[in-house]
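Colleague: Attaching a single structure in structure tokens format; questions to follow.
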Amino acid sequence: MQNVPATRQQLITELLTQGVQVINPQQEHVSRHGGAGPSDHQAMNIDGVTVMVPIYTHSAHRSPWQVKHEASGTTRLYNLSIPVKEISIAHKPRFYDRQTADGIPATLHGTDVLATTVLQTCIRYENRAKACQFCAIGQSLAAGSTIARKTPQQLAEVAKAAVELDSVKHMVMTTGTPSGSDRGARILVESAAAIKAAVDLPLQGQCEPPGDAVWFQRMKDAGIDALGMHLEAVTPAVRARIMPGKAQVSVEQYLIAFADAVAVFGRGQVSTYILAGLGDTPGAILSLSETLIDLGVYPFVVPFVPISGTPLEHHAAPDSTFMTSILQPLGQMLNAANLRSSDIKAGCGRCGACSSLSSFEQATA
């Protein structure tokens, strides 16, 4: 008997947690292997929703879900070889064929969001005893597919081309953490100022909480519209085990920084990534999410995806039942607080492709 989820949010949750086997990959489609951000995935459109579906992970290789590109030109999703529905896969954007004056290629996440890692090194990554066990920020640099530091001018060129050629609607800038007390805010300020001088594009910056709250206003003044400061895990024991270096910045310190950031960027324009499936219980994630929502921070909860080549590459991804136990009540909490992904000006929460949270928001609205 075919076991196909009854609702869109359940289907997306299953695809995100189990991954998909692509039976006959096509050269013109966009996929991403390794590196920072959503990795080992392919952007797929499921019932009008863009989803970053894992395709290179160990879970994906064992998944009951398959995608086949058929002779008719359609692309179809299968479950245990039984056809489920027609889908589409993101094609190579036109601006991918463009390079900056210095020869730096551009990258697209999803269908309308440009995402880039400004600084491809991190003080924590260099020391494996302190590194985040899920992080692959150094992989693309080691493979020669990017550079250690993208200049403001390079980022401005890429952003302008992405808007003009592919109608990109917003942009994410993340960064590895440098040694300075600003924890990456200075680099984001320089980059945002150059991008906004070149093109009118909503920007999200992502960094660890800076040592001085004055950086929040500096980032805002430079043109950053939304800010992400990512907790990853919510309980001290899990944080210490999974990211021993980053865990030295405590949850309490993050909460202080969140309050300071919301005062500058506004309610709903500050968000945090929470990776479900690393050991935090649903109750712990929901409890902290309630605190974050009260502060005006959007808790973007995503299923943990084990990335090849990291210490956690064989760690089991959470199942869809576990994720639903978090995302369904969280969607209700966000609606009750009138804090929705659609109101975020730019960034991961607005894109939503790495989680089915926005589908649960819509289902409970």
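Convention: chains lettered A, B, ... in structure tokens order; per-chain residue numbering from 1; ligands numbered from 1 as shown.
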Write out as a ChimeraX atom specification the residues lying within 6 Å of region 213-225 of chain A, counting only C-alpha atoms and excluding same-chain residues fewer than 2 positions away.

Modeller: /A:189,192-193,203-204,261

Colleague: Residues of region 245-353 of chain A that have any atom at most 9 Å from an atom of region 168-184 of chain A: could you tabulate them with the shortest-distance atom pair and the distance in Å to one decimal, using only C-alpha atoms, ordered by chain and increasing number, as CSV?

Modeller:
residue,atom,partner,partner_atom,distance
A:Lys345,CA,A:His170,CA,7.8
A:Ala346,CA,A:His170,CA,5.4
A:Gly347,CA,A:Val172,CA,5.2
A:Cys348,CA,A:Val172,CA,7.3
A:Cys351,CA,A:His170,CA,8.8

Colleague: Pull N, CA, C and O atoms from the residues just selected and write them as a PDB file, in the first residue's frame.

Modeller:
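As a result, selection19.pdb now contains:
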ATOM      1  N   LYS A 345      11.868  40.751   5.603  1.00  0.00           N
ATOM      2  CA  LYS A 345      12.276  41.491   4.406  1.00  0.00           C
ATOM      3  C   LYS A 345      13.256  40.711   3.535  1.00  0.00           C
ATOM      4  O   LYS A 345      13.253  40.857   2.304  1.00  0.00           O
ATOM      5  N   ALA A 346      14.105  39.906   4.152  1.00  0.00           N
ATOM      6  CA  ALA A 346      15.109  39.162   3.394  1.00  0.00           C
ATOM      7  C   ALA A 346      15.646  38.030   4.255  1.00  0.00           C
ATOM      8  O   ALA A 346      15.583  38.080   5.481  1.00  0.00           O
ATOM      9  N   GLY A 347      16.155  36.998   3.584  1.00  0.00           N
ATOM     10  CA  GLY A 347      16.879  35.977   4.323  1.00  0.00           C
ATOM     11  C   GLY A 347      16.265  34.600   4.339  1.00  0.00           C
ATOM     12  O   GLY A 347      15.287  34.306   3.636  1.00  0.00           O
ATOM     13  N   CYS A 348      16.839  33.747   5.176  1.00  0.00           N
ATOM     14  CA  CYS A 348      16.468  32.335   5.218  1.00  0.00           C
ATOM     15  C   CYS A 348      15.011  32.126   5.623  1.00  0.00           C
ATOM     16  O   CYS A 348      14.312  31.293   5.047  1.00  0.00           O
ATOM     17  N   CYS A 351      12.834  33.003   2.670  1.00  0.00           N
ATOM     18  CA  CYS A 351      12.981  31.980   1.634  1.00  0.00           C
ATOM     19  C   CYS A 351      12.251  30.707   2.052  1.00  0.00           C
ATOM     20  O   CYS A 351      11.427  30.184   1.298  1.00  0.00           O
TER      21      CYS A 351
END

Colleague: At a cut-off of 10 Å, using only C-alpha atoms, what residues contact Ile274 (chain A)? Leave out same-chain residues fewer than 4 positions from it and give the result as a PDB file with N, CA, C and O atoms, in the first residue's frame.

Modeller:
ATOM      1  N   HIS A 230      22.483  32.755  14.642  1.00  0.00           N
ATOM      2  CA  HIS A 230      22.006  31.382  14.657  1.00  0.00           C
ATOM      3  C   HIS A 230      22.461  30.602  15.890  1.00  0.00           C
ATOM      4  O   HIS A 230      23.654  30.380  16.111  1.00  0.00           O
ATOM      5  N   LEU A 231      21.474  30.157  16.647  1.00  0.00           N
ATOM      6  CA  LEU A 231      21.735  29.349  17.836  1.00  0.00           C
ATOM      7  C   LEU A 231      22.142  27.930  17.464  1.00  0.00           C
ATOM      8  O   LEU A 231      22.918  27.300  18.178  1.00  0.00           O
ATOM      9  N   GLU A 232      21.590  27.376  16.425  1.00  0.00           N
ATOM     10  CA  GLU A 232      21.774  26.000  15.954  1.00  0.00           C
ATOM     11  C   GLU A 232      21.134  24.973  16.895  1.00  0.00           C
ATOM     12  O   GLU A 232      20.298  24.172  16.485  1.00  0.00           O
ATOM     13  N   ALA A 233      21.537  24.961  18.167  1.00  0.00           N
ATOM     14  CA  ALA A 233      20.949  24.077  19.174  1.00  0.00           C
ATOM     15  C   ALA A 233      20.574  24.919  20.388  1.00  0.00           C
ATOM     16  O   ALA A 233      21.108  26.019  20.579  1.00  0.00           O
ATOM     17  N   VAL A 234      19.673  24.403  21.232  1.00  0.00           N
ATOM     18  CA  VAL A 234      19.082  25.269  22.257  1.00  0.00           C
ATOM     19  C   VAL A 234      19.433  24.892  23.691  1.00  0.00           C
ATOM     20  O   VAL A 234      19.275  25.722  24.590  1.00  0.00           O
ATOM     21  N   LEU A 278      19.529  17.210  16.531  1.00  0.00           N
ATOM     22  CA  LEU A 278      20.879  17.067  17.083  1.00  0.00           C
ATOM     23  C   LEU A 278      20.874  16.611  18.533  1.00  0.00           C
ATOM     24  O   LEU A 278      21.937  16.380  19.109  1.00  0.00           O
ATOM     25  N   ASP A 280      18.280  18.048  20.914  1.00  0.00           N
ATOM     26  CA  ASP A 280      17.283  18.843  21.631  1.00  0.00           C
ATOM     27  C   ASP A 280      15.914  18.183  21.504  1.00  0.00           C
ATOM     28  O   ASP A 280      15.539  17.705  20.432  1.00  0.00           O
ATOM     29  N   ILE A 285      12.926  22.869  22.236  1.00  0.00           N
ATOM     30  CA  ILE A 285      12.908  23.780  21.088  1.00  0.00           C
ATOM     31  C   ILE A 285      11.686  24.699  21.138  1.00  0.00           C
ATOM     32  O   ILE A 285      11.789  25.908  20.909  1.00  0.00           O
ATOM     33  N   SER A 289      11.614  28.677  21.612  1.00  0.00           N
ATOM     34  CA  SER A 289      10.943  29.406  20.528  1.00  0.00           C
ATOM     35  C   SER A 289       9.901  30.372  21.078  1.00  0.00           C
ATOM     36  O   SER A 289       9.737  31.483  20.560  1.00  0.00           O
ATOM     37  N   PRO A 299      11.963  32.157  15.029  1.00  0.00           N
ATOM     38  CA  PRO A 299      12.754  30.929  15.180  1.00  0.00           C
ATOM     39  C   PRO A 299      12.596  30.037  13.957  1.00  0.00           C
ATOM     40  O   PRO A 299      11.568  29.378  13.787  1.00  0.00           O
ATOM     41  N   PHE A 300      13.590  30.032  13.094  1.00  0.00           N
ATOM     42  CA  PHE A 300      13.532  29.247  11.863  1.00  0.00           C
ATOM     43  C   PHE A 300      14.062  27.849  12.170  1.00  0.00           C
ATOM     44  O   PHE A 300      15.271  27.613  12.190  1.00  0.00           O
ATOM     45  N   VAL A 301      13.147  26.933  12.428  1.00  0.00           N
ATOM     46  CA  VAL A 301      13.506  25.568  12.802  1.00  0.00           C
ATOM     47  C   VAL A 301      13.562  24.705  11.548  1.00  0.00           C
ATOM     48  O   VAL A 301      12.591  24.633  10.786  1.00  0.00           O
ATOM     49  N   VAL A 302      14.697  24.069  11.333  1.00  0.00           N
ATOM     50  CA  VAL A 302      14.900  23.235  10.142  1.00  0.00           C
ATOM     51  C   VAL A 302      15.364  21.854  10.572  1.00  0.00           C
ATOM     52  O   VAL A 302      15.987  21.692  11.621  1.00  0.00           O
ATOM     53  N   PRO A 303      15.086  20.829   9.780  1.00  0.00           N
ATOM     54  CA  PRO A 303      15.626  19.511  10.102  1.00  0.00           C
ATOM     55  C   PRO A 303      17.122  19.466   9.835  1.00  0.00           C
ATOM     56  O   PRO A 303      17.594  19.988   8.820  1.00  0.00           O
ATOM     57  N   PHE A 304      17.860  18.876  10.750  1.00  0.00           N
ATOM     58  CA  PHE A 304      19.292  18.721  10.542  1.00  0.00           C
ATOM     59  C   PHE A 304      19.546  17.818   9.329  1.00  0.00           C
ATOM     60  O   PHE A 304      18.967  16.746   9.203  1.00  0.00           O
TER      61      PHE A 304
END

Colleague: My list of candidates is A:Tyr273, A:Tyr56, A:Phe134, A:Tyr78. Which is closest to Pro244 (chain A) when distances are computed with only C-alpha atoms?

Modeller: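 Closest candidate: A:Phe134.
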
Colleague: With a distance cut-off of 12 Å and only C-alpha atoms, select the neighbouring residues of Gly268 (chain A), excluding the residue or stretch itself and same-chain residues fewer than 2 positions from it, and output the selection as JSON, numbers by chain.

Modeller: {"A": [225, 226, 227, 228, 258, 259, 261, 262, 263, 264, 265, 266, 270, 271, 272, 292, 293, 294, 295, 296, 297, 298, 299, 300, 334, 337, 338, 339, 340, 341, 342, 343, 344, 345, 346, 347, 349, 350]}

Colleague: Do you know which residues are at most 9 Å from Val199 (chain A) counting only C-alpha atoms, after dropping those on the same chain fewer than 4 positions away, and could you put them as a list of chain:residue names?

Modeller: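 The residues that qualify are A:Ala156, A:Ala159, A:Lys160, A:Val163, A:Ala194, A:Ile195.
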
Colleague: Determine which residues of region 65-299 of chain A receive a DSSP assignment of strand (DSSP E or B), computed from the backbone, and state them as a VMD selection string.

Modeller: chain A and resid 65 to 69 75 to 79 82 to 89 91 99 105 108 to 109 113 to 117 119 149 170 to 174 203 to 206 226 to 228 232 270 to 276 297 to 299

Colleague: Take the residues that were just selected and, keeping N, CA and C atoms, output them as a compact mmCIF listing (two decimals), in the first residue's frame.

Modeller:
# COMPACT_ATOMS: atom_id res chain seq x y z
N TRP A 65 11.97 7.93 -1.75
CA TRP A 65 11.53 8.92 -2.72
C TRP A 65 12.53 9.01 -3.87
N GLN A 66 12.01 9.10 -5.08
CA GLN A 66 12.86 9.26 -6.26
C GLN A 66 12.28 10.36 -7.16
N VAL A 67 13.18 10.94 -7.93
CA VAL A 67 12.80 11.89 -8.97
C VAL A 67 13.32 11.36 -10.30
N LYS A 68 12.44 11.37 -11.30
CA LYS A 68 12.84 10.95 -12.64
C LYS A 68 12.48 12.05 -13.64
N HIS A 69 13.41 12.33 -14.55
CA HIS A 69 13.15 13.24 -15.66
C HIS A 69 12.71 12.37 -16.84
N THR A 75 9.05 16.24 -15.09
CA THR A 75 9.82 15.67 -13.98
C THR A 75 8.83 15.18 -12.95
N ARG A 76 8.99 13.95 -12.51
CA ARG A 76 7.99 13.34 -11.65
C ARG A 76 8.61 12.80 -10.37
N LEU A 77 7.86 12.97 -9.28
CA LEU A 77 8.25 12.45 -7.97
C LEU A 77 7.62 11.07 -7.78
N TYR A 78 8.42 10.12 -7.32
CA TYR A 78 7.96 8.76 -7.08
C TYR A 78 8.18 8.38 -5.62
N ASN A 79 7.35 7.50 -5.11
CA ASN A 79 7.55 6.89 -3.81
C ASN A 79 7.57 5.38 -4.00
N ILE A 82 6.43 4.24 -7.32
CA ILE A 82 5.05 4.55 -7.69
C ILE A 82 4.93 6.06 -7.91
N PRO A 83 4.43 6.49 -9.09
CA PRO A 83 4.35 7.93 -9.36
C PRO A 83 3.43 8.66 -8.38
N VAL A 84 3.89 9.81 -7.90
CA VAL A 84 3.12 10.59 -6.92
C VAL A 84 2.61 11.89 -7.53
N LYS A 85 3.53 12.69 -8.08
CA LYS A 85 3.08 13.96 -8.67
C LYS A 85 4.19 14.53 -9.53
N GLU A 86 3.78 15.44 -10.40
CA GLU A 86 4.73 16.17 -11.24
C GLU A 86 5.32 17.32 -10.43
N ILE A 87 6.62 17.52 -10.56
CA ILE A 87 7.29 18.62 -9.87
C ILE A 87 8.17 19.33 -10.90
N SER A 88 8.90 20.34 -10.45
CA SER A 88 9.90 20.98 -11.31
C SER A 88 11.17 21.20 -10.51
N ILE A 89 12.27 21.30 -11.21
CA ILE A 89 13.57 21.49 -10.57
C ILE A 89 14.19 22.77 -11.11
N HIS A 91 16.33 25.40 -12.75
CA HIS A 91 17.32 25.38 -13.82
C HIS A 91 18.46 26.35 -13.50
N GLN A 99 30.63 36.25 -14.69
CA GLN A 99 31.62 36.33 -13.62
C GLN A 99 31.92 37.79 -13.35
N PRO A 105 32.70 33.42 -9.63
CA PRO A 105 31.36 33.00 -9.99
C PRO A 105 30.34 33.34 -8.92
N LEU A 108 23.26 30.81 -6.46
CA LEU A 108 21.86 31.06 -6.15
C LEU A 108 21.34 29.96 -5.24
N HIS A 109 20.57 30.34 -4.22
CA HIS A 109 19.86 29.39 -3.38
C HIS A 109 18.37 29.56 -3.65
N VAL A 113 16.43 33.95 -4.38
CA VAL A 113 17.28 34.49 -3.33
C VAL A 113 18.74 34.18 -3.63
N LEU A 114 19.53 35.21 -3.64
CA LEU A 114 20.98 35.08 -3.81
C LEU A 114 21.60 34.92 -2.43
N ALA A 115 22.48 33.96 -2.27
CA ALA A 115 23.12 33.72 -0.98
C ALA A 115 24.61 33.55 -1.16
N THR A 116 25.38 34.11 -0.25
CA THR A 116 26.82 34.02 -0.37
C THR A 116 27.48 34.02 0.99
N THR A 117 28.61 33.34 1.08
CA THR A 117 29.45 33.39 2.28
C THR A 117 30.57 34.37 1.99
N LEU A 119 33.03 35.59 4.01
CA LEU A 119 34.32 35.11 4.52
C LEU A 119 34.23 33.59 4.65
N ARG A 149 37.85 35.26 0.70
CA ARG A 149 37.15 36.50 1.04
C ARG A 149 36.65 37.17 -0.23
N HIS A 170 15.78 38.96 -3.07
CA HIS A 170 16.47 39.31 -1.82
C HIS A 170 17.76 38.53 -1.73
N MET A 171 18.60 38.89 -0.78
CA MET A 171 19.96 38.34 -0.71
C MET A 171 20.34 38.04 0.73
N VAL A 172 21.08 36.94 0.90
CA VAL A 172 21.60 36.54 2.21
C VAL A 172 23.12 36.62 2.17
N MET A 173 23.70 37.29 3.14
CA MET A 173 25.15 37.29 3.31
C MET A 173 25.48 36.66 4.66
N THR A 174 26.18 35.55 4.63
CA THR A 174 26.64 34.95 5.87
C THR A 174 28.16 35.02 5.90
N LEU A 203 18.45 42.93 1.96
CA LEU A 203 19.59 42.13 2.41
C LEU A 203 19.36 41.57 3.80
N GLN A 204 19.77 40.32 4.00
CA GLN A 204 19.91 39.78 5.35
C GLN A 204 21.39 39.54 5.61
N GLY A 205 21.87 39.96 6.78
CA GLY A 205 23.21 39.63 7.22
C GLY A 205 23.13 38.56 8.29
N GLN A 206 24.13 37.69 8.34
CA GLN A 206 24.17 36.63 9.34
C GLN A 206 25.54 36.59 9.98
N ALA A 226 17.56 42.83 7.48
CA ALA A 226 17.20 41.78 8.45
C ALA A 226 18.47 41.10 8.91
N LEU A 227 18.41 40.55 10.11
CA LEU A 227 19.61 39.97 10.72
C LEU A 227 19.34 38.56 11.20
N GLY A 228 20.29 37.67 10.94
CA GLY A 228 20.22 36.31 11.47
C GLY A 228 21.39 36.05 12.41
N GLU A 232 21.59 27.38 16.43
CA GLU A 232 21.77 26.00 15.95
C GLU A 232 21.13 24.97 16.90
N VAL A 270 14.53 39.96 12.88
CA VAL A 270 15.66 39.24 13.45
C VAL A 270 15.26 37.78 13.56
N SER A 271 16.13 36.88 13.16
CA SER A 271 15.78 35.47 13.16
C SER A 271 16.96 34.64 13.65
N THR A 272 16.67 33.37 13.93
CA THR A 272 17.72 32.44 14.32
C THR A 272 17.43 31.07 13.71
N TYR A 273 18.47 30.40 13.31
CA TYR A 273 18.40 29.03 12.79
C TYR A 273 18.47 28.06 13.96
N ILE A 274 17.56 27.11 14.01
CA ILE A 274 17.61 26.03 14.99
C ILE A 274 17.57 24.71 14.24
N LEU A 275 18.60 23.89 14.43
CA LEU A 275 18.72 22.60 13.74
C LEU A 275 18.09 21.52 14.61
N ALA A 276 16.93 21.04 14.21
CA ALA A 276 16.24 20.00 14.98
C ALA A 276 16.79 18.63 14.58
N VAL A 297 11.67 37.68 17.77
CA VAL A 297 12.64 36.97 16.94
C VAL A 297 11.95 35.77 16.28
N TYR A 298 12.20 35.58 15.00
CA TYR A 298 11.60 34.47 14.25
C TYR A 298 12.48 33.23 14.40
N PRO A 299 11.96 32.16 15.03
CA PRO A 299 12.75 30.93 15.18
C PRO A 299 12.60 30.04 13.96

Colleague: Between A:Asp319, A:Glu164, A:Glu361, A:Glu14, which one has atoms that come closest to Gly277 (chain A), using only C-alpha atoms?

Modeller: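 Looking at the shortest contact to Gly277 (chain A), the residue is A:Asp319.
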